[in-house]
Each structure stands twice: as C-alpha cells, then as structure tokens.
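Note: the block below is model_25.txt and it holds compact mmCIF, C-alpha atoms.
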```
# COMPACT_ATOMS: atom_id res chain seq x y z
CA MET A 1 -34.39 -164.17 12.31
CA GLY A 2 -37.30 -164.81 14.64
CA PHE A 3 -35.12 -166.17 17.39
CA LEU A 4 -32.95 -163.05 17.23
CA THR A 5 -35.98 -160.85 17.57
CA LYS A 6 -37.05 -162.88 20.57
CA PHE A 7 -33.55 -162.78 22.00
CA PHE A 8 -33.45 -159.01 21.87
CA GLY A 9 -36.86 -158.69 23.48
CA GLY A 10 -38.79 -157.54 20.44
CA GLY A 11 -42.26 -158.40 19.33
CA ASN A 12 -43.92 -156.30 22.00
CA GLU A 13 -45.33 -152.91 21.24
CA GLY A 14 -43.40 -150.29 23.25
CA SER A 15 -45.03 -149.39 26.53
CA GLY A 16 -45.07 -145.74 25.40
CA GLN A 17 -48.00 -146.47 23.10
CA LYS A 18 -49.87 -148.11 25.93
CA ALA A 19 -49.16 -145.07 28.13
CA LYS A 20 -50.52 -142.80 25.40
CA ASP A 21 -53.72 -144.80 25.04
CA ARG A 22 -54.30 -144.99 28.78
CA LEU A 23 -53.55 -141.30 29.23
CA LYS A 24 -56.11 -140.33 26.57
CA ILE A 25 -58.83 -142.32 28.26
CA VAL A 26 -57.97 -141.01 31.72
CA LEU A 27 -58.16 -137.43 30.46
CA ILE A 28 -61.43 -137.99 28.63
CA HIS A 29 -62.94 -139.18 31.90
CA ASP A 30 -61.33 -136.43 34.00
CA ARG A 31 -62.47 -133.69 31.68
CA THR A 32 -66.06 -134.91 31.63
CA ASP A 33 -66.31 -134.77 35.38
CA ILE A 34 -69.16 -132.33 34.94
CA SER A 35 -70.90 -130.82 37.92
CA PRO A 36 -74.66 -131.36 38.35
CA GLN A 37 -75.07 -127.59 38.10
CA LEU A 38 -73.42 -127.53 34.67
CA LEU A 39 -75.55 -130.43 33.50
CA ASP A 40 -78.70 -128.59 34.67
CA ASN A 41 -77.67 -125.46 32.77
CA LEU A 42 -77.00 -127.53 29.67
CA ARG A 43 -80.40 -129.17 30.01
CA ASP A 44 -82.21 -125.83 30.33
CA GLU A 45 -80.50 -124.34 27.30
CA MET A 46 -81.15 -127.43 25.21
CA VAL A 47 -84.83 -127.27 26.16
CA ASP A 48 -84.97 -123.61 25.10
CA VAL A 49 -83.55 -124.42 21.69
CA LEU A 50 -85.70 -127.49 21.15
CA ALA A 51 -88.83 -125.64 22.27
CA LYS A 52 -88.52 -123.39 19.22
CA TYR A 53 -89.23 -126.35 16.97
CA MET A 54 -91.28 -128.79 18.99
CA ASP A 55 -93.27 -129.30 22.14
CA ILE A 56 -91.31 -131.52 24.44
CA ASP A 57 -92.19 -133.24 27.66
CA THR A 58 -89.86 -131.39 30.01
CA ARG A 59 -90.70 -133.63 32.95
CA LYS A 60 -89.40 -136.75 31.26
CA ILE A 61 -86.09 -135.49 29.93
CA GLU A 62 -83.10 -137.62 30.79
CA ILE A 63 -79.60 -136.33 30.17
CA ASP A 64 -76.54 -138.22 31.19
CA LEU A 65 -72.94 -138.91 30.31
CA GLU A 66 -72.20 -142.45 29.33
CA HIS A 67 -68.66 -143.71 29.67
CA ASP A 68 -67.31 -146.72 27.93
CA ASP A 69 -63.75 -147.88 27.54
CA ASN A 70 -62.52 -145.26 25.13
CA ALA A 71 -65.16 -142.62 24.72
CA VAL A 72 -67.69 -140.53 26.55
CA ALA A 73 -71.08 -139.71 25.07
CA LEU A 74 -73.73 -137.20 26.06
CA VAL A 75 -76.96 -139.16 25.88
CA ALA A 76 -80.25 -137.31 25.96
CA ASN A 77 -83.68 -138.85 25.96
CA ILE A 78 -86.22 -136.14 25.16
CA PRO A 79 -89.84 -137.16 24.56
CA ILE A 80 -91.50 -135.10 21.80
CA LEU A 81 -95.18 -134.25 22.23
CA ARG A 82 -95.75 -132.38 18.98
CA ILE A 83 -93.73 -130.83 16.16
CA LYS A 84 -94.55 -127.16 15.60
CA ARG A 85 -95.20 -127.18 11.84
CA GLY A 86 -96.34 -123.60 11.65
CA LYS A 87 -93.31 -122.42 13.59
CA VAL A 88 -90.90 -124.23 11.29
CA ALA A 89 -92.68 -122.80 8.23
CA ASN A 90 -92.47 -119.30 9.70
CA LEU A 91 -88.76 -119.65 10.28
CA ASP A 92 -88.29 -120.79 6.69
CA GLY A 93 -90.29 -117.86 5.39
CA ALA A 94 -88.42 -115.31 7.50
CA MET B 1 -39.61 -101.37 35.30
CA SER B 2 -42.65 -103.56 35.69
CA ALA B 3 -41.86 -107.22 36.03
CA ARG B 4 -43.49 -110.09 34.24
CA VAL B 5 -44.80 -112.36 36.98
CA ILE B 6 -44.60 -116.06 36.09
CA VAL B 7 -45.71 -118.98 38.27
CA THR B 8 -44.05 -122.39 37.88
CA THR B 9 -46.50 -125.12 38.73
CA SER B 10 -47.32 -128.77 38.03
CA GLY B 11 -49.99 -130.25 40.26
CA LYS B 12 -47.96 -133.36 40.93
CA GLY B 13 -44.95 -133.13 43.22
CA GLY B 14 -41.44 -134.13 42.34
CA VAL B 15 -41.52 -133.31 38.65
CA GLY B 16 -38.99 -130.48 38.83
CA LYS B 17 -40.81 -127.23 39.61
CA THR B 18 -38.17 -125.91 41.97
CA THR B 19 -35.26 -127.01 39.78
CA SER B 20 -36.94 -125.37 36.79
CA THR B 21 -37.60 -122.14 38.68
CA ALA B 22 -33.99 -121.92 39.92
CA ASN B 23 -32.45 -122.65 36.53
CA ILE B 24 -34.72 -120.34 34.57
CA ALA B 25 -34.18 -117.56 37.11
CA ALA B 26 -30.40 -117.94 36.89
CA ALA B 27 -30.54 -118.10 33.10
CA LEU B 28 -32.66 -114.94 32.82
CA ALA B 29 -30.21 -113.17 35.13
CA LYS B 30 -27.33 -114.35 32.97
CA PHE B 31 -29.09 -112.74 30.01
CA GLY B 32 -28.90 -109.45 31.91
CA LYS B 33 -32.35 -109.33 33.47
CA LYS B 34 -33.08 -108.47 37.07
CA VAL B 35 -34.86 -111.50 38.49
CA VAL B 36 -36.35 -112.54 41.81
CA ALA B 37 -37.24 -116.17 42.46
CA VAL B 38 -39.97 -116.33 45.10
CA ASP B 39 -40.38 -119.55 47.06
CA ALA B 40 -44.16 -119.79 47.46
CA ASP B 41 -43.98 -123.20 49.12
CA VAL B 42 -44.58 -122.06 52.69
CA GLY B 43 -43.67 -124.73 55.24
CA LEU B 44 -41.76 -126.91 52.77
CA ARG B 45 -39.31 -124.47 51.31
CA ASN B 46 -36.55 -125.79 49.06
CA LEU B 47 -35.77 -123.14 46.50
CA ASP B 48 -33.13 -121.78 48.91
CA VAL B 49 -31.19 -125.07 48.92
CA ILE B 50 -31.56 -125.66 45.19
CA MET B 51 -30.11 -122.20 44.61
CA GLY B 52 -27.46 -122.78 47.30
CA LEU B 53 -28.54 -119.73 49.31
CA GLU B 54 -29.87 -121.49 52.42
CA ASN B 55 -27.15 -120.10 54.68
CA ARG B 56 -27.98 -116.53 53.78
CA VAL B 57 -31.70 -116.59 54.54
CA VAL B 58 -32.61 -114.22 57.36
CA TYR B 59 -36.18 -113.14 56.75
CA ASN B 60 -38.88 -114.54 54.47
CA PHE B 61 -41.81 -113.20 52.51
CA ILE B 62 -44.26 -113.88 55.36
CA ASP B 63 -42.17 -111.44 57.42
CA VAL B 64 -42.60 -108.92 54.62
CA ILE B 65 -46.35 -109.51 54.46
CA GLU B 66 -46.66 -109.20 58.24
CA LYS B 67 -44.42 -106.13 58.13
CA THR B 68 -41.82 -107.66 60.46
CA CYS B 69 -39.18 -106.50 58.01
CA LYS B 70 -38.82 -104.49 54.84
CA LEU B 71 -38.88 -106.22 51.46
CA SER B 72 -35.26 -105.27 50.83
CA ALA B 73 -34.19 -107.02 54.05
CA ALA B 74 -35.83 -110.29 53.06
CA LEU B 75 -34.34 -110.42 49.56
CA VAL B 76 -31.23 -112.60 49.32
CA LYS B 77 -28.86 -111.41 46.62
CA ASP B 78 -27.07 -114.15 44.72
CA LYS B 79 -23.44 -113.06 44.54
CA ARG B 80 -22.59 -115.42 41.66
CA VAL B 81 -24.85 -113.85 39.06
CA PRO B 82 -25.60 -110.12 38.98
CA GLY B 83 -29.29 -109.34 39.12
CA LEU B 84 -30.42 -112.61 40.71
CA TYR B 85 -32.37 -112.58 43.98
CA LEU B 86 -34.24 -115.07 46.14
CA LEU B 87 -37.25 -114.26 48.28
CA PRO B 88 -37.49 -117.24 50.65
CA ALA B 89 -40.59 -118.86 52.13
CA ALA B 90 -41.12 -119.37 55.85
CA GLN B 91 -40.24 -122.87 56.92
CA THR B 92 -42.00 -122.89 60.28
CA ARG B 93 -45.36 -121.62 59.07
CA THR B 94 -48.15 -123.20 57.04
CA LYS B 95 -49.85 -122.29 53.78
CA ASP B 96 -52.65 -120.66 55.81
CA ALA B 97 -50.26 -117.89 56.86
CA VAL B 98 -50.95 -116.10 53.56
CA ASN B 99 -53.96 -115.44 51.38
CA PRO B 100 -54.21 -114.66 47.65
CA GLU B 101 -54.76 -110.92 48.25
CA GLN B 102 -51.52 -110.71 50.23
CA MET B 103 -49.64 -112.56 47.48
CA ILE B 104 -51.01 -110.16 44.87
CA ALA B 105 -49.91 -107.22 47.05
CA LEU B 106 -46.44 -108.75 47.45
CA CYS B 107 -46.08 -109.20 43.69
CA GLU B 108 -47.17 -105.61 43.14
CA GLU B 109 -44.44 -104.51 45.53
CA LEU B 110 -41.84 -106.58 43.65
CA LYS B 111 -42.91 -105.57 40.15
CA PRO B 112 -41.32 -102.09 39.97
CA GLU B 113 -37.98 -103.46 41.20
CA PHE B 114 -37.50 -106.35 38.76
CA ASP B 115 -37.79 -107.53 35.15
CA PHE B 116 -39.03 -110.96 36.21
CA VAL B 117 -40.76 -112.35 39.28
CA LEU B 118 -40.74 -116.16 39.20
CA LEU B 119 -43.04 -117.85 41.70
CA ASP B 120 -42.17 -121.40 42.69
CA CYS B 121 -45.53 -122.98 43.48
CA PRO B 122 -46.13 -125.88 45.89
CA ALA B 123 -47.55 -129.16 44.60
CA GLY B 124 -51.28 -129.67 44.87
CA ILE B 125 -54.35 -127.69 43.88
CA GLU B 126 -55.24 -126.27 47.27
CA GLY B 127 -54.48 -123.02 49.07
CA GLY B 128 -50.75 -123.01 48.38
CA PHE B 129 -51.31 -123.28 44.64
CA LYS B 130 -54.05 -120.66 44.69
CA ASN B 131 -51.85 -118.25 46.63
CA ALA B 132 -48.90 -118.66 44.29
CA ALA B 133 -51.00 -118.47 41.14
CA ALA B 134 -52.96 -115.43 42.33
CA GLY B 135 -50.10 -112.99 41.88
CA ALA B 136 -48.96 -114.32 38.49
CA ASP B 137 -49.86 -113.17 35.00
CA GLU B 138 -48.23 -116.06 33.14
CA ALA B 139 -47.63 -119.73 33.98
CA LEU B 140 -45.13 -122.45 33.24
CA VAL B 141 -46.51 -125.94 33.78
CA VAL B 142 -43.90 -128.63 34.43
CA THR B 143 -44.63 -132.26 33.63
CA THR B 144 -42.69 -135.47 33.11
CA PRO B 145 -43.50 -138.03 30.39
CA GLU B 146 -45.59 -140.18 32.71
CA ILE B 147 -49.35 -140.63 33.01
CA PRO B 148 -49.74 -139.32 36.60
CA ALA B 149 -47.76 -136.14 35.91
CA VAL B 150 -49.52 -135.39 32.61
CA ARG B 151 -52.90 -136.04 34.15
CA ASP B 152 -52.20 -133.62 37.00
CA ALA B 153 -50.81 -131.08 34.52
CA ASP B 154 -54.11 -131.27 32.63
CA ARG B 155 -56.02 -130.43 35.80
CA ILE B 156 -53.70 -127.54 36.65
CA ILE B 157 -53.92 -126.15 33.11
CA GLY B 158 -57.71 -126.12 33.42
CA MET B 159 -57.49 -124.20 36.69
CA LEU B 160 -54.91 -121.72 35.34
CA GLU B 161 -57.09 -121.10 32.28
CA SER B 162 -60.13 -120.40 34.44
CA MET B 163 -57.99 -117.97 36.47
CA GLY B 164 -57.18 -116.15 33.22
CA LYS B 165 -53.41 -116.75 33.19
CA SER B 166 -51.84 -116.21 29.79
CA PRO B 167 -49.70 -117.50 28.25
CA ILE B 168 -49.65 -120.92 29.91
CA ARG B 169 -46.72 -122.89 28.53
CA LEU B 170 -45.47 -126.42 29.09
CA ILE B 171 -42.05 -127.70 30.16
CA ILE B 172 -41.56 -131.42 29.57
CA ASN B 173 -38.93 -132.45 32.08
CA ARG B 174 -36.82 -135.58 32.48
CA LEU B 175 -37.46 -136.92 29.00
CA ARG B 176 -35.26 -139.88 28.08
CA PRO B 177 -34.63 -139.74 24.34
CA ASN B 178 -33.42 -143.36 24.32
CA MET B 179 -36.65 -144.62 25.78
CA VAL B 180 -38.73 -142.48 23.42
CA GLN B 181 -36.80 -143.90 20.48
CA ASP B 182 -37.54 -147.40 21.71
CA GLY B 183 -41.21 -146.57 22.05
CA ASP B 184 -41.09 -147.02 25.81
CA MET B 185 -41.82 -143.45 26.84
CA LEU B 186 -44.47 -140.88 26.00
CA ALA B 187 -43.01 -138.67 23.28
CA LYS B 188 -43.16 -134.87 23.27
CA ASP B 189 -45.89 -134.87 20.62
CA ASP B 190 -47.98 -137.43 22.52
CA ILE B 191 -48.07 -135.09 25.50
CA LEU B 192 -48.74 -131.95 23.44
CA ASP B 193 -51.47 -133.83 21.63
CA VAL B 194 -53.47 -134.52 24.79
CA LEU B 195 -52.73 -131.30 26.70
CA SER B 196 -53.03 -129.01 23.67
CA ILE B 197 -50.99 -126.12 25.07
CA ASP B 198 -47.86 -124.42 23.81
CA LEU B 199 -44.52 -126.03 24.55
CA ILE B 200 -41.71 -123.84 25.86
CA GLY B 201 -39.06 -126.51 26.20
CA VAL B 202 -38.05 -130.12 26.68
CA VAL B 203 -35.46 -130.91 29.35
CA PRO B 204 -33.73 -134.26 28.98
CA GLU B 205 -33.06 -136.54 31.94
CA ASP B 206 -29.60 -135.56 33.06
CA GLU B 207 -27.43 -136.66 35.98
CA SER B 208 -25.95 -133.20 36.25
CA VAL B 209 -29.29 -132.06 37.76
CA ILE B 210 -28.53 -134.18 40.82
CA ARG B 211 -24.95 -132.91 41.00
CA ALA B 212 -26.16 -129.33 40.72
CA THR B 213 -28.63 -129.89 43.56
CA ASN B 214 -25.88 -131.49 45.68
CA ASN B 215 -23.66 -128.49 45.04
CA GLY B 216 -26.38 -125.87 45.43
CA GLU B 217 -25.58 -124.30 42.10
CA PRO B 218 -28.19 -123.99 39.35
CA MET B 219 -26.86 -125.65 36.20
CA THR B 220 -27.46 -122.63 34.03
CA MET B 221 -24.86 -120.70 36.05
CA THR B 222 -21.85 -122.73 35.04
CA LEU B 223 -22.26 -126.26 33.80
CA ASP B 224 -22.48 -127.16 30.19
CA SER B 225 -24.90 -130.07 30.28
CA PRO B 226 -27.93 -131.05 28.19
CA ALA B 227 -30.34 -129.92 30.92
CA ALA B 228 -28.50 -126.62 31.40
CA HIS B 229 -28.69 -126.04 27.65
CA ALA B 230 -32.43 -126.81 27.67
CA TYR B 231 -33.08 -124.34 30.51
CA LEU B 232 -31.05 -121.61 28.80
CA ASN B 233 -33.20 -122.16 25.71
CA ILE B 234 -36.37 -121.90 27.78
CA ALA B 235 -35.15 -118.61 29.25
CA GLU B 236 -34.47 -117.29 25.76
CA ARG B 237 -37.96 -118.28 24.63
CA ILE B 238 -39.40 -116.47 27.67
CA LEU B 239 -37.51 -113.42 26.39
CA GLY B 240 -39.34 -113.85 23.09
CA ARG B 241 -36.41 -115.15 21.07
CA ASP B 242 -37.05 -117.81 18.50
CA VAL B 243 -34.82 -120.70 19.57
CA PRO B 244 -35.24 -124.07 17.86
CA LEU B 245 -35.86 -127.13 20.02
CA MET B 246 -32.72 -129.05 20.95
CA ASP B 247 -31.92 -132.14 18.96
CA LEU B 248 -32.49 -134.53 21.82
CA GLU B 249 -31.78 -137.55 19.69
CA SER B 250 -28.17 -136.53 19.53
CA TYR B 251 -28.13 -137.00 23.30
CA ALA B 252 -29.52 -140.48 22.88
CA THR B 253 -26.03 -141.79 22.33
CA ARG B 254 -26.19 -145.51 22.15
CA GLY B 255 -23.91 -148.49 22.07
CA PHE B 256 -23.41 -150.84 19.19
CA LEU B 257 -25.52 -153.55 20.82
CA SER B 258 -28.59 -151.37 21.14
CA LYS B 259 -28.31 -150.44 17.47
CA ILE B 260 -28.39 -154.12 16.57
CA LYS B 261 -31.25 -154.57 18.99
CA ARG B 262 -33.25 -151.87 17.30
CA PHE B 263 -32.52 -153.35 13.90
CA PHE B 264 -33.92 -156.72 14.92
CA THR B 265 -36.85 -155.56 17.00
CA GLY B 266 -37.89 -153.03 14.41
CA LYS B 267 -38.31 -150.30 17.02
CA ARG B 268 -37.74 -147.14 15.05
CA LYS B 269 -37.21 -143.54 15.84
CA ARG B 270 -40.36 -141.51 16.11
```

What do you get writing this file as structure tokens?
Amino acid sequence: MGFLTKFFGGGNEGSGQKAKDRLKIVLIHDRTDISPQLLDNLRDEMVDVLAKYMDIDTRKIEIDLEHDDNAVALVANIPILRIKRGKVANLDGA
Amino acid sequence: MSARVIVTTSGKGGVGKTTSTANIAAALAKFGKKVVAVDADVGLRNLDVIMGLENRVVYNFIDVIEKTCKLSAALVKDKRVPGLYLLPAAQTRTKDAVNPEQMIALCEELKPEFDFVLLDCPAGIEGGFKNAAAGADEALVVTTPEIPAVRDADRIIGMLESMGKSPIRLIINRLRPNMVQDGDMLAKDDILDVLSIDLIGVVPEDESVIRATNNGEPMTMTLDSPAAHAYLNIAERILGRDVPLMDLESYATRGFLSKIKRFFTGKRKR
C-alpha cells in the first residue's frame, strides 16, 4: 500500500499544522514586544516585593526577555545582599 | 431608539471587512432593523460599490462633519431592503480630514435614528482605524485562516481591548472546509485557540461572493449560498439569538477520488 500512499501524495503532515505552529510562535514574539517603560515598571514593582524579604543590590539587577524558538522567558538576575530573617519571622508571627 | 455602534475591522487588508459589513447590514435590515452602514475608509471608499449604491452617492460623511450638508442629505437609502442606509466616505479626501472626536459626534448624531450603526474600518492601525474605532462600542474582527491575517487580527484585538470595546467578536472568513479536512488549512479551533476571543461566525470560501460584488448586491439580500447563510447567521447572533454554527463539512462536497485519497493518506477530518 506504500506506493499508493506515495501516489496520492500522502506521508506529509498537512501544512495546516505547520501554519498553527508558526502562528503560535509569531504571536508569542509579537505579544512580548514589551516597551522599555513597561519593563522598568515591572522591575520597580519586583524590587518592592523582594525588598520585603531580602536586601538586594538594586544597581546590579538585570531583567530581560529571552526568546528561543518556541518560547519566551522573563529572566531576572537579582543579586541578594542579605536575607531579612527577622522580617520573615515577623510576617510568620503576624 | 439608540443604535448599537459596531466597527468591522481586521488590521490586514483584503480579508473581507467591506463584504462583511455590507452583508451583515443587509441581513440586519432584512430582520426588520433600521441599519446604516458607514464607510469609514476615507479616500479609498468601496462600501458603496459592494452595496451597489455607487450611482446614488451625492454627499458623504465628511460633508456632514464639515456642515456642507445635513445628515439626512448624505444618507443613501437602499430601495431593495427597507430600513437599510449607506453613509458614504469621501473619495477625494484623506484620512486626515476627520479626527476621532468628529467620528464620535457623527455616531452620536446617527444613534437616535437607527437600531444599528455599522462602521466599515480601513485596513491598518493608524489614523483611519482609530477614527473608525473611536465611535464604536462593539467590534467585529475579520480574519482569514492564514498566518498574516491572524497575526494582524491579534494586534487589532489588543488595540480594541485597550480602547475598551466590548464585545469584540471574531469572523473567520474564506475558510475552505476541504482544505481543513485535509489538514492543509488552519482550522476554526486553531485560530480561536491563539486569539482567545469569542467567535461570531465562520464564512466559507464561496464563489457567489465574487458574483455578488460584480452585481453590486449583498448576498444576504437574495442569494441562497453558503456565505449568505453564514452572514445571516452572524446577523442573528448579533441580535442575541442562539444560532448553531453551520455544518461546513457538508459544504466540503468531494469527489470519489478524493475520498480514496483520504483513505490512503490517512488524512482525517478534524
């Protein structure tokens, strides 16, 4: 039956599936076209949250979006200076 | 009376905005509503020819905005369907001739007179789109089952959402059920999956759309064709009626050879 399949042009995945896969990736990239302003706001709010639990080195924070072939990741590199033990304990007690 | 104002938009050109606007407007009028289709594509007007009213255009909505004429003088009444009107665009002006505030004022002037104001939006995301969208409360986004059209629809949906339009609903136009069955075209669910908005209808690829354009007669007025049926269904859904989606596979009529082909290649219905 193989020759018949070949004759009728089978064996290839339909191009619709390829379109779907390509479309998903295109949209992931389009939708993460984040403005520098938005990234700055995100950074500031993350710092506020993190500062409740630890001292962080705000000058050395790096936040970026990393694209690969089928996903986008938010990658943050945030150096910690000191964990606030007392603060965490207080929050637990409260 | 206070009309619902709905903009038909797409981002990408050539996907069927104007055809959709004309057919939905005619369908709503057939269901007894008083409807005005406004051509918001200043400088590249076409709604008049799609509706077959090009010979009756005297004034346009820019004339109304600039107070050259009264609104009633610019409205073209369609004599074939009671309650259907066209408000043409200016052909010899540019998109800069209007601003969003003027469009909002125009829509406010139309609202008390009609049940529905349908705005046919130009392609693109610039001034023309912003003008047309400004006056609308709701939006219909037209796309075809192709990557460029869906991508542009995604962008437009984002902009409509940020402008607070609601509901924003999707028309998938020019779907070829045969190709979807063979796995060679994005299926309805593939598109809904990535765009995640509500669907209001699927219009199959249909030669009668071309004939209707040639004749200047929206399909929903007379013809009984798959696309006409789909647009009538969309109009009913706009009216809040619960109409099931058409069985498009029944339109995917196929020859004996293609059935054998599908048997051997294992390409199955989705």

Nearest candidate to chain A (options B:Asp182, B:Glu236, B:Glu205, B:Asp224; using all atoms listed in the file) =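 Counting all atoms listed in the file, the residue closest to chain A is B:Asp182.
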
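For region 47-49 of chain A, the non-local neighbours within 12 Å, defined as residues at least 4 positions apart in the same chain or in other chains and counting all atoms listed in the file, are Asp40, Asn41, Leu42, Arg43, Tyr53, Met54, Asp55, Ile56, Asp57, Thr58, Arg59, Lys60, Ile61, Glu62, Ile63, Ala76, Asn77, Ile78, Pro79 and Ile80 of chain A.
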
| For CA of Ala132 (chain B) and CA of Val117 (chain B), the interatomic separation in Å (one decimal) |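 A separation of 11.5 Å between them.
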
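When only C-alpha atoms are used to measure the gap to chain A, the shortest distance among B:Ile191, B:Ala40, B:Ile200, B:Met246 belongs to B:Ile191.
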
Atom pair CA of Glu146 (chain B) + CA of Gly164 (chain B), distance 26.7 Å

*asked:* Here is a test: counting all atoms listed in the file, which residue of B:Asp193, B:Glu217, B:Asp242, B:Asp120 is nearest to Lys79 (chain B)?
replied: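 Among the listed residues, B:Glu217 lies closest to Lys79 (chain B).
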
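CA of Glu13 (chain A) to CA of Met179 (chain B) spans 12.8 Å [interatomic distance, one decimal].
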
Sphere at (-29.5, -122.7, 43.6), radius 10 Å, counting all atoms listed in the file: residues as an mmCIF file with C-alpha atoms, in the frame of the given file:
```cif
data_model
loop_
_atom_site.group_PDB
_atom_site.id
_atom_site.type_symbol
_atom_site.label_atom_id
_atom_site.label_comp_id
_atom_site.auth_asym_id
_atom_site.auth_seq_id
_atom_site.Cartn_x
_atom_site.Cartn_y
_atom_site.Cartn_z
ATOM 1 C CA THR B 18 -38.170 -125.910 41.970
ATOM 2 C CA THR B 19 -35.260 -127.010 39.780
ATOM 3 C CA THR B 21 -37.600 -122.140 38.680
ATOM 4 C CA ALA B 22 -33.990 -121.920 39.920
ATOM 5 C CA ASN B 23 -32.450 -122.650 36.530
ATOM 6 C CA ALA B 25 -34.180 -117.560 37.110
ATOM 7 C CA ALA B 26 -30.400 -117.940 36.890
ATOM 8 C CA ASN B 46 -36.550 -125.790 49.060
ATOM 9 C CA LEU B 47 -35.770 -123.140 46.500
ATOM 10 C CA ASP B 48 -33.130 -121.780 48.910
ATOM 11 C CA VAL B 49 -31.190 -125.070 48.920
ATOM 12 C CA ILE B 50 -31.560 -125.660 45.190
ATOM 13 C CA MET B 51 -30.110 -122.200 44.610
ATOM 14 C CA GLY B 52 -27.460 -122.780 47.300
ATOM 15 C CA LEU B 53 -28.540 -119.730 49.310
ATOM 16 C CA GLU B 54 -29.870 -121.490 52.420
ATOM 17 C CA ASP B 78 -27.070 -114.150 44.720
ATOM 18 C CA LEU B 86 -34.240 -115.070 46.140
ATOM 19 C CA ALA B 212 -26.160 -129.330 40.720
ATOM 20 C CA THR B 213 -28.630 -129.890 43.560
ATOM 21 C CA ASN B 214 -25.880 -131.490 45.680
ATOM 22 C CA ASN B 215 -23.660 -128.490 45.040
ATOM 23 C CA GLY B 216 -26.380 -125.870 45.430
ATOM 24 C CA GLU B 217 -25.580 -124.300 42.100
ATOM 25 C CA PRO B 218 -28.190 -123.990 39.350
ATOM 26 C CA MET B 219 -26.860 -125.650 36.200
ATOM 27 C CA THR B 220 -27.460 -122.630 34.030
ATOM 28 C CA MET B 221 -24.860 -120.700 36.050
#
```

Original post:
So, counting all atoms listed in the file, which residue among A:Arg85, A:Lys52, A:His29, A:Arg22 is closest to Asp68 (chain A)?
Top reply: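 Of A:Arg85, A:Lys52, A:His29, A:Arg22, the one nearest Asp68 (chain A), counting all atoms listed in the file, is A:His29.
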
Determine, counting all atoms listed in the file, which protein, DNA and RNA residues have an atom within 8 Å of an atom of Gln17 (chain A); residues of the same chain fewer than 5 positions away are not included. Present the result as a list in words.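 Non-adjacent residues within range: Gly183, Asp184, Met185 and Leu186 of chain B.
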
Skipping near chain neighbours, those fewer than 3 positions away, what residues fall within 10 Å of Gly16 (chain B) using all atoms listed in the file, listed as a list of chain:residue names?
B:Thr8, B:Thr9, B:Ser10, B:Lys12, B:Gly13, B:Thr19, B:Ser20, B:Thr21, B:Ala22, B:Val142, B:Thr143, B:Thr144, B:Ile171, B:Ile172, B:Asn173, B:Arg174, B:Val209

Preceding selection exported with C-alpha atoms as a tab-separated table (two decimals), in the coordinates of the input:
```tsv
chain	number	residue	atom	x	y	z
B	8	THR	CA	-44.05	-122.39	37.88
B	9	THR	CA	-46.50	-125.12	38.73
B	10	SER	CA	-47.32	-128.77	38.03
B	12	LYS	CA	-47.96	-133.36	40.93
B	13	GLY	CA	-44.95	-133.13	43.22
B	19	THR	CA	-35.26	-127.01	39.78
B	20	SER	CA	-36.94	-125.37	36.79
B	21	THR	CA	-37.60	-122.14	38.68
B	22	ALA	CA	-33.99	-121.92	39.92
B	142	VAL	CA	-43.90	-128.63	34.43
B	143	THR	CA	-44.63	-132.26	33.63
B	144	THR	CA	-42.69	-135.47	33.11
B	171	ILE	CA	-42.05	-127.70	30.16
B	172	ILE	CA	-41.56	-131.42	29.57
B	173	ASN	CA	-38.93	-132.45	32.08
B	174	ARG	CA	-36.82	-135.58	32.48
B	209	VAL	CA	-29.29	-132.06	37.76
```
